[in-house]
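What follows is one structure encoded as structure tokens, with my remarks underneath.
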2 protein chains.
Amino acid sequence: MIRSCARIFVSLFVTVSLSAQTFSPGKSLIGFSVENSAKQIALEQRFDSSLKKENLREWMKRMSAKPHHVGSPHGKENADFMLALFKSWGFDARIEQFDVLFPTPKTRRLELLAPEKFTAKLAEPTLKEDSTSNQTSEQLPIYNAFSIDGDVTAPLVYVNYGIPADYEELEKRGIDVRGKIVIARYGGSWRGIKPKVAAERGAIGCLIYSDPRNDGYFQGDVYPKGAWKNEFGAQRGSVVDMPLYPGDPLTPGIGATKDAKRLAIKDAPTLTKIPVMPISYSDALPLLRNLGGAVVPENWRGALPITYHFGGTDATRVHLKLEFNWDIKPAYNVIARMNGAESPDQWIIRGNHHDAWVNGADDPVSGMVALMEEARAVGELAKTGWRPKRTIIYAAWDAEEPGLLGSTEWAEHHQIELRNKAAVYINSDSNGRGFLGIGGSHTLEKYTNELAKDVSDPQTKVSVWQRVRAAQMVNGSANDKKEARERADIRINALGSGSDYTPFLQHLGIASLNIGFGGEDGGGSYHSIYDSFDHYTRFGDPNFDYGVALAKVGGRATLRLANADVLPFEFMNFADTVSNYVGEVTKLADNLREETKLMNQMIADGTLLAAQDPTEKFVMPKAKTEVPFLNFAPLQNALSKLQASAKDYQTAMKNKSPTAQKSLDEILYKTERALTRREGLPRRDWFKHQIYAPGFYTGYGVKTLPSVREAIEQRDWKEASEQILIVAKTIENFAAEIDKAVKLL
Amino acid sequence: MIRSCARIFVSLFVTVSLSAQTFSPGKSLIGFSVENSAKQIALEQRFDSSLKKENLREWMKRMSAKPHHVGSPHGKENADFMLALFKSWGFDARIEQFDVLFPTPKTRRLELLAPEKFTAKLAEPTLKEDSTSNQTSEQLPIYNAFSIDGDVTAPLVYVNYGIPADYEELEKRGIDVRGKIVIARYGGSWRGIKPKVAAERGAIGCLIYSDPRNDGYFQGDVYPKGAWKNEFGAQRGSVVDMPLYPGDPLTPGIGATKDAKRLAIKDAPTLTKIPVMPISYSDALPLLRNLGGAVVPENWRGALPITYHFGGTDATRVHLKLEFNWDIKPAYNVIARMNGAESPDQWIIRGNHHDAWVNGADDPVSGMVALMEEARAVGELAKTGWRPKRTIIYAAWDAEEPGLLGSTEWAEHHQIELRNKAAVYINSDSNGRGFLGIGGSHTLEKYTNELAKDVSDPQTKVSVWQRVRAAQMVNGSANDKKEARERADIRINALGSGSDYTPFLQHLGIASLNIGFGGEDGGGSYHSIYDSFDHYTRFGDPNFDYGVALAKVGGRATLRLANADVLPFEFMNFADTVSNYVGEVTKLADNLREETKLMNQMIADGTLLAAQDPTEKFVMPKAKTEVPFLNFAPLQNALSKLQASAKDYQTAMKNKSPTAQKSLDEILYKTERALTRREGLPRRDWFKHQIYAPGFYTGYGVKTLPSVREAIEQRDWKEASEQILIVAKTIENFAAEIDKAVKLL
């Protein structure tokens, strides 16, 4: 669904030799004895040598040949196709079906009524350069899934990205969106946040458009000359309230089996409260051009050749009418299993979704075919008699696009078994030319650093680890560069949401990773009819070299977990990152205190007013309550405990060559469970992880230590204090689990 | 010529009451005894009460009624008009004529030859909303003065702002401008830098256009709906190499009198080396749209609805032909004098230019009429029997626009007398609604802070000082806000160039100020035919309230200097600011050392290469010589001496009520002379000031401690070391002058 680019950080003063490391005798992989390291590396060499990029091309061509959204004939064909392949590669494979709510459009009408008449086209034209763009009858039209039905006519207000900070700006200008339709540009948050915040503020409709500043000619040449969105391109996508819970809106917390108890549609809390529709910039231009009112601030302005105004005046009136077919559709998850020879009840799960908005060559097929080739090569190994120690499960999820439905329903349905057996979940989604991006549980950080050093970048022949390090050194922020100089390991991203790791990591507490290449693969095809084989093979990864590289990274990630003597969890890096988070929330409160004090003072003494242009409307904000000093000591003490336990584990592992111990493994992989809390986060109990969550007001964007951070951001000091205690206790519990592992060593 | 906006910094923890201070008994102005402070403040109240905004409106209407560039009939009429007025107000007034080189266009042709044909319009249309826009026969066409003649046909390269850093980017991309025509956008430097750098890099022609990002619809509604440049608006302006020397290109260092010895035009070093022309964004669009090559970096992209490319390929060919009338024209400076009653040989000079590019309602008439009203009110005071202690000279300069010609020739012609008698020069230029901006000699900082507290802002009724402080507190950078919290006085800007203070401050070492309001007066009319009375009275300062405010600030600035018991120089603030400069150049060298080391390492170990997209052209930069540690101790020691002397003067003044002493005054105002050096700056001996200069590669933009700073920037370590010694000696000499003043007290 989304792709994380190379945002992982790098270190300067490490190995200078810039070619991927090859095995040197005596080298030991994390979790492996020296002897087994050698075996594993030999196995990986065999794995690599059987990877064929022709397969990726052929499968992508076939799977993206027609639109294959949830419930489409080609979607089912793809599932069946993959099922047959997995079986042919020796996996125990099956399709697990769930029945999920999936609305599709019946009526879409958007008109500008005044000051001039304009009817939005809401369509992406067929291009001769794109051979699947003419499949009009099979394409899902441009729409946002899980928008409610609606028929509204009202003045229009431009709200920039439509995030809470933007509404503060509007308030300051005396602009009220109550009873109005808002138009927000894509970016700045996950799209579902825009109608959510708009509705909270009283708007009655929401348009979301792709500004050429963010996705269009400002970024690069537009399709078909270049990769970027042309004037008619629009971004479909889900607007379900995923930060509340993902998955089928009608079956929160349980699998959407045929007979599952379902909410009535009217009671489903994750549907939008107002009608929402995405539009292209050619449809947005006549609307925006006709807005009156004051000129917006500089960071609100896009790249259309107009002066951007707030609007909100009665002179500009818009009519939006939306009706949907509220159907239940089958979602087909393809699940392929290879049982472990030694610990069959320890599962390494590797997934990618297979449903698309339209043809979806990039999203998701580029990631899917890499996973398939990885699975095929694992199957090849198995055909020579090799077996993984632990069970490997490959999953092709359906219905990710509308809101992680396939993976979530599967995870919810199998939650008891998964809580017990799932060791790690490894996700991928789209993939393209460029830099390796890794996000995930920081207990897996060291192991991901190690494996990223063993895969060569297809273009430069240095390791993919070194290429990320180089990008960070050359293009990173000052902070990134500093970290690159001071830290041996690349720091992986924390995961928010936006792809299928969410139910595993944040609902079930299964340590997870998200992997993929990107950053040199252009953009602009995302969720449009132009996300096609033609587009992908010109701009995405023309030779599928990065598809093979992803298979190598994913294959290593899976095989090392499957074969390790002891699961390669490590806690020093985790403690280091949590220490940063504790520092951040402390500083957040301190900064907020200082800002509040200064702002209140400037309100009281007239400074704020004196700085305004008296000819422009300005609504003086109310003074805010002062920010108390919060007791962060429990968090800091828990962190000290965590650091000590992590150190103990490191020492214990150093002093003892790891030997396989199922009980140790189980303690290790269940440490992530200790980071969850049955009661979940405040007001969203589905999200149980206490370290990582998607932001309630950012959507995909991660909030770390979410309950504490968001309470401070929302200025709820009581809740912040309560949550500090809860998170501190969580971290202590986690440290106690590490201590158990130490005792076993 | 240019207007400095409110970039002066403010303090939070000073008086909270936000109304302009009124006189309280016992209040003492800097330089005045308590008794004389009271008299002075009473005088200023009389001065204020005679100011009439109707005069400003009437004079602006008349003076901007027709184009009045150098050598134009209306320019001469304006000079004669002002002469008569000054005389009628009781001044001893005369016109001083200089004969200066002033090229005007004979041929202007710009064509796109390939891949499509287009001929640039190079004209701003008449608008019914702008009553003087139809004076086609009298308007100077769109051109850059002091471009050489040329007729060139070549491929076109987009060079962003055309500053040295942009050419480093081009080099990295393997794009060579040799033999090509460059197109740069306005902004990022003074315009004259663009052809200078382009020629240094081997380009054969230069176009400069107004991108709507910087001056057009991105900023606000375009004229006539709003204030900003419409698609046809273009910015005239001089491209003479002012950082080498301003003034008549044929008479450097001497007055351009009728019989002055002149250089041949071909030998004048400040003319451009290649033909240059400014164009509108409608003329630029077809050129930019047709550029090939790679997409430019994000910070190079403007607001035209296109993807910006580097160009430079043979596919895009442009023809530029320019021919000029290389005429000598008369420049009429109007000089009005009121002799001082006690110290007639101590001169306070107050100037603004009167020539414009076209009608020039904003630039320069808005500043000129404020100065005129100020002079009229001073004349009114004199008619009641009051006389200034020192001589006041009001000056209306001609020929500022082509390169400070009128003021420079006058200053050069009278240099001996000025070096001896000129105490302070106070400049203004354009003026409009908004915040007070002050730049100048930091020895005058305290006195400017004091007077800015005594003038009310017309819109908010707080003092203009407090309004600037408020803007800085609310909208300033983190650094500005920090300074605002920690420093009692607003820090005034250092002066670079761009208006008539340059010959006084930087050539003759006369302490100078530049004053003006702005920031709420829109923009976009600058140097176009739309800088008209109609435009100004809609967007600039519709009621001339800020014109009156400028008269109040200028009047106080002039009258306090003219009447003070002791000239209000102060050295603690100066020492504080110089201390910042010393810190900056030290840090500059340190940062450059660190950056060079890191970059060389990244070049050597392959990191830089590994971060590049291998499908895009990349030329590996050469390693640079390492940055040695420079001996900054002489500067630091000189600074300590300065701080001690400044403190001594402060103490001496506190202990002694100031009484008029001509000899003390003379020492005080000649301290600024001690900051100059006869030999001037390296490679530009006209610029003699060692603390402030316009940047050799920034133009208007100031470089403080210029010889040291620019040597470091240019990586000339030998010169940097030499100049550290020279500047240190300069600061010591300055401190020794302060010591002389202390001895007199």
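Residue numbers start at 1 in each chain; chains themselves are named A, B, ... in the order of the structure tokens; ligands are numbered from 1 in the order shown.
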
Looking only at strand (DSSP E) from DSSP on the backbone, list the matching residues of stretch 123-279 of chain A as a ChimeraX atom specification.
/A:144-145,150-158,181-185,205-209,237-238,276-279

Show which residues sit within 8 Å of A:Thr307, as a list in words. Count only C-alpha atoms, and ignore same-chain residues fewer than 6 positions away.
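Residues near the query, excluding close chain neighbours: Arg289, Val295 and Arg301 of chain A; Tyr217, Phe218, Gln219, Gly220 and Asp221 of chain B.
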
Please dump the current selection as a PDB file, in the first residue's frame; keep C-alpha atoms.
```pdb
ATOM      1  CA  ARG A 289      -8.994  28.902  -9.082  1.00  0.00           C
ATOM      2  CA  VAL A 295      -4.188  34.089   0.259  1.00  0.00           C
ATOM      3  CA  ARG A 301       0.698  26.555  -1.736  1.00  0.00           C
TER       4      ARG A 301
ATOM      5  CA  TYR B 217       0.926  34.266  -8.688  1.00  0.00           C
ATOM      6  CA  PHE B 218       2.649  31.988  -6.187  1.00  0.00           C
ATOM      7  CA  GLN B 219       3.153  34.988  -3.910  1.00  0.00           C
ATOM      8  CA  GLY B 220      -0.298  36.507  -4.309  1.00  0.00           C
ATOM      9  CA  ASP B 221      -2.908  37.726  -6.747  1.00  0.00           C
TER      10      ASP B 221
END
```

I'd like the interatomic distance between atom CA of B:Arg317 and atom CA of B:Asp283, to a tenth of an Å.
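According to the coordinates, atom CA of B:Arg317 and atom CA of B:Asp283 are separated by 14.8 Å.
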
Would you kindly return, as an NGL selection string, each protein, DNA or RNA residue with an atom no farther than 8 Å from any atom of A:Ala611, considering only C-alpha atoms and excluding same-chain residues fewer than 6 positions away?
:B and (467-468 or 470-471 or 474)

In stretch 41-289 of chain B, DSSP alpha helix (DSSP H) residues written as a PyMOL selection string
chain B and resi 41-49+53-63+73-88+164-172+193-200+212-215+281-289

Would you list the contacts of A:Phe696 as a list in words, taking every protein, DNA or RNA residue within 8 Å and counting only C-alpha atoms, but skipping same-chain residues closer than 3 positions in sequence?
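Skipping anything fewer than 3 positions along the chain leaves Pro243, Leu244, Gly699 and Glu710 of chain A.
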
So how many Å separate atom CA of A:Asn339 and atom CA of A:Ile392, to one decimal?
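Atom CA of A:Ile392 lies at a distance of 6.4 Å from atom CA of A:Asn339.
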
Any idea what's packed within 8 Å of B:Gln97, counting only C-alpha atoms, ignoring anything in its chain fewer than 2 positions away? Could you give it as number ranges by chain?
B: 95, 99, 257, 330-333
